[in-house]
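Undergrad: Got a structure for you, written out below as structure tokens; questions coming shortly.
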Amino acid sequence: MSEEVVRTDYTPKSSLADDLRVLKAMWFGSISGGSHQDQLESFYNKQAHLYDQYRHRMLHGRKPLMMRMPVSKGCVWVDLGGGTASNVEFFAKSIQSDWFEAVYVVDLTPSLVKVAKKRVEDNGWGGKVNVILGDATDPKLEGLPAAGTVDVVSISYAVTMIPNWRDVLANASRLLKPGGHICVTDFTLDGQSQWGVSKRFWKYLFSTDHIHLSEEHLQHLQEHFEQTFLQVSYGTFPYVPPLLKCPYYAFIGKKK
């Protein structure tokens with residue numbers, strides 16, 4: 001048996017027609033609702049079934065994070081803000097092996113969770129991959145494993161969308177075993193390489209979709225976890241001039 005977990009480069013195919021449907025939902029859809037869950041659902045419900053085909057070309061930190069995520073035999077993995085469970089696709093050939101004891105995908109958005117559950121069913125991952133509709137910041141969320149029993153927690157492009165973002169990182173730390181790993185990727189602002197006008201532009205643009213960019217997110221991770229990997233780079237967006245790039249990070253740290 002292989003001594004390394006088998007990983008797959010997940011690159012779903014799309015079409016121009018699909019992309020136009022997503023762009024219409026992103027540009028002309030309205031965000032409404034009194035609760036955070038309602039606001040998320042109003043944004044994603046018309047594009048959830050096309051989420052992965054479009055997003056994988058703009059969420060550039062996801063691949064390096066998943067390709068480097070520490071996995072040991074019998075791994076218990078929690079993916080907070082896991083959306084459609086697309087991160088699990090990177091381990092599609094290993095999920096049903098002894099590399100993973102259990103996988104938990106948590107998301108607050110019903111339409112994305114519906115896609116995640118269908119993915120689990122279509123791939124025959126039932127009994128190994130558990131999809132939970134709920135708040136990733138809630139330490140009492142039903143269905144999560146016990147505190148201190150998780151080997152790795154991942155959070156992909158969710159920290160910037162969670163108003164009380166410190167709580168989701170605290171919940172990740174609570175779940176992790178001593179020495180367990182947290183793996184986070186998201187858009188960010190970079191004071192070292194980014195011009196002030198660029199920071200203001202991206203911060204404002206993302207805020208119109210209730211996505212809040214901040215340098216504090218990465219700083220908080222570096223302060224509370226022992227950093228083992230960091231990549232900070234710039235990524236493009238589909239149908240946007242390539243000169244317009246936004247910084248992102250991929251961070252892996254160990255619970256102290």
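Residue numbering restarts at 1 in every chain; chains get A, B, ... in the order shown in the structure tokens, and ligands count up from 1 in that same order.
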Sorted by chain and rising residue number, list the residues of range 85-165 of chain A at most 8 Å from range 51-67 of chain A (counting only C-alpha atoms), each with its closest atom pair and distance in Å to one decimal, as a tab-separated table.
TA:
```
residue	atom	partner	partner_atom	distance
A:Ser86	CA	A:Asp52	CA	7.1
A:Asn87	CA	A:Met66	CA	7.2
A:Phe90	CA	A:Met66	CA	6.7
A:Ser156	CA	A:Arg62	CA	6.5
A:Tyr157	CA	A:Leu59	CA	7.5
```
Undergrad: Could you give me, as a list in words, the residues within 10 Å of Cys246 in chain A, counting only C-alpha atoms and dropping anything in the same chain fewer than 6 positions from it?
TA: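 Near neighbours after the sequence-gap exclusion: Met58, Phe187, Thr188, Leu189, Asp190, Gln194, Ser198, Lys199, Phe201, Trp202, Lys203, Ser233, Tyr234, Gly235, Thr236 and Phe237 of chain A.
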Undergrad: Using the selection just defined, write its residues with N, CA and C atoms as a CSV table (one decimal), in the first residue's frame.
TA:
```csv
chain,number,residue,atom,x,y,z
A,58,MET,N,-10.7,31.0,-9.8
A,58,MET,CA,-10.4,32.3,-9.0
A,58,MET,C,-10.0,32.0,-7.6
A,187,PHE,N,-8.6,35.1,0.3
A,187,PHE,CA,-8.2,36.4,-0.2
A,187,PHE,C,-7.7,37.2,0.9
A,188,THR,N,-6.8,38.2,0.6
A,188,THR,CA,-6.2,39.0,1.7
A,188,THR,C,-5.8,40.3,1.1
A,189,LEU,N,-5.2,41.1,2.0
A,189,LEU,CA,-4.5,42.4,1.7
A,189,LEU,C,-3.1,42.2,2.1
A,190,ASP,N,-2.2,42.7,1.3
A,190,ASP,CA,-0.7,42.4,1.5
A,190,ASP,C,0.0,43.8,1.6
A,194,GLN,N,1.5,45.3,-1.9
A,194,GLN,CA,0.4,45.8,-2.5
A,194,GLN,C,0.3,47.3,-2.4
A,198,SER,N,-4.6,49.7,-4.6
A,198,SER,CA,-5.0,48.4,-4.9
A,198,SER,C,-5.7,47.8,-3.7
A,199,LYS,N,-5.2,48.0,-2.5
A,199,LYS,CA,-5.9,47.5,-1.3
A,199,LYS,C,-7.3,48.1,-1.1
A,201,PHE,N,-9.2,49.3,-3.5
A,201,PHE,CA,-10.0,48.8,-4.6
A,201,PHE,C,-10.6,47.4,-4.2
A,202,TRP,N,-9.7,46.5,-3.9
A,202,TRP,CA,-10.2,45.1,-3.6
A,202,TRP,C,-11.0,45.0,-2.4
A,203,LYS,N,-10.7,45.8,-1.4
A,203,LYS,CA,-11.4,45.8,-0.1
A,203,LYS,C,-12.9,46.2,-0.4
A,233,SER,N,0.5,34.9,-2.7
A,233,SER,CA,0.6,35.2,-4.1
A,233,SER,C,-0.5,36.0,-4.6
A,234,TYR,N,-0.6,36.2,-5.9
A,234,TYR,CA,-1.7,37.0,-6.6
A,234,TYR,C,-2.4,36.1,-7.6
A,235,GLY,N,-3.7,36.3,-7.6
A,235,GLY,CA,-4.5,35.4,-8.5
A,235,GLY,C,-5.4,36.3,-9.4
A,236,THR,N,-5.7,35.7,-10.6
A,236,THR,CA,-6.6,36.4,-11.5
A,236,THR,C,-8.0,35.9,-11.4
A,237,PHE,N,-8.9,36.5,-12.2
A,237,PHE,CA,-10.3,36.1,-12.1
A,237,PHE,C,-10.8,35.9,-13.6
```
Undergrad: DSSP on the backbone, then: every residue of range 86-256 of chain A marked alpha helix (DSSP H), written as an NGL selection string.
TA: :A and (110-123 or 165-175 or 196-207 or 216-224)
Undergrad: Calculated over only C-alpha atoms, which of the candidates A:Glu4, A:Asp9, A:Asp209, A:Glu142 has the smallest distance to Ile31 in chain A?
TA: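 That would be A:Asp209, the residue with the smallest distance to Ile31 in chain A.
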Undergrad: List the spatial neighbours of Gly253 in chain A as a PyMOL selection string - criterion: any atom at most 6 Å away, only C-alpha atoms, same-chain residues fewer than 2 positions off excluded.
TA: chain A and resi 181-182+225-228
Undergrad: Go ahead and write the residues just picked, C-alpha atoms, as an mmCIF file, in the first residue's frame.
TA:
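In the end it all went to result_28.cif:
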```cif
data_model
loop_
_atom_site.group_PDB
_atom_site.id
_atom_site.type_symbol
_atom_site.label_atom_id
_atom_site.label_comp_id
_atom_site.auth_asym_id
_atom_site.auth_seq_id
_atom_site.Cartn_x
_atom_site.Cartn_y
_atom_site.Cartn_z
ATOM 1 C CA HIS A 181 -2.928 21.040 11.740
ATOM 2 C CA ILE A 182 -5.037 23.956 10.591
ATOM 3 C CA PHE A 225 -0.518 28.496 15.448
ATOM 4 C CA GLU A 226 3.005 27.310 14.677
ATOM 5 C CA GLN A 227 3.433 28.066 10.974
ATOM 6 C CA THR A 228 4.687 25.159 8.854
#
```
Undergrad: Would you mind listing what lies within 12 Å of Lys177 in chain A as a list in words, with only C-alpha atoms counted and same-chain residues fewer than 4 positions away left out?
TA: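 Counting only the stated atoms, we get Cys75, Val76, Trp77, Pro145, Ala146, Ala147, Gly148, Thr149, Val150, Asp151, Val152, Val153, Ala172, Ser173, His181, Ile182, Lys254, Lys255 and Lys256 of chain A.
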Undergrad: Go through A:Lys245, A:Lys128, A:Arg200, A:His217 one by one, measure the shortest atom-to-atom distance of each to Ile162 in chain A using only C-alpha atoms, and give the residue with the smallest value.
TA: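 Among the listed residues, the smallest separation from Ile162 in chain A belongs to A:His217.
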Undergrad: Provide the CA of Asp19 in chain A to CA of Tyr44 in chain A distance in Å, to one decimal place.
TA: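 Computing the Euclidean distance for CA of Asp19 in chain A and CA of Tyr44 in chain A yields 14.1 Å.
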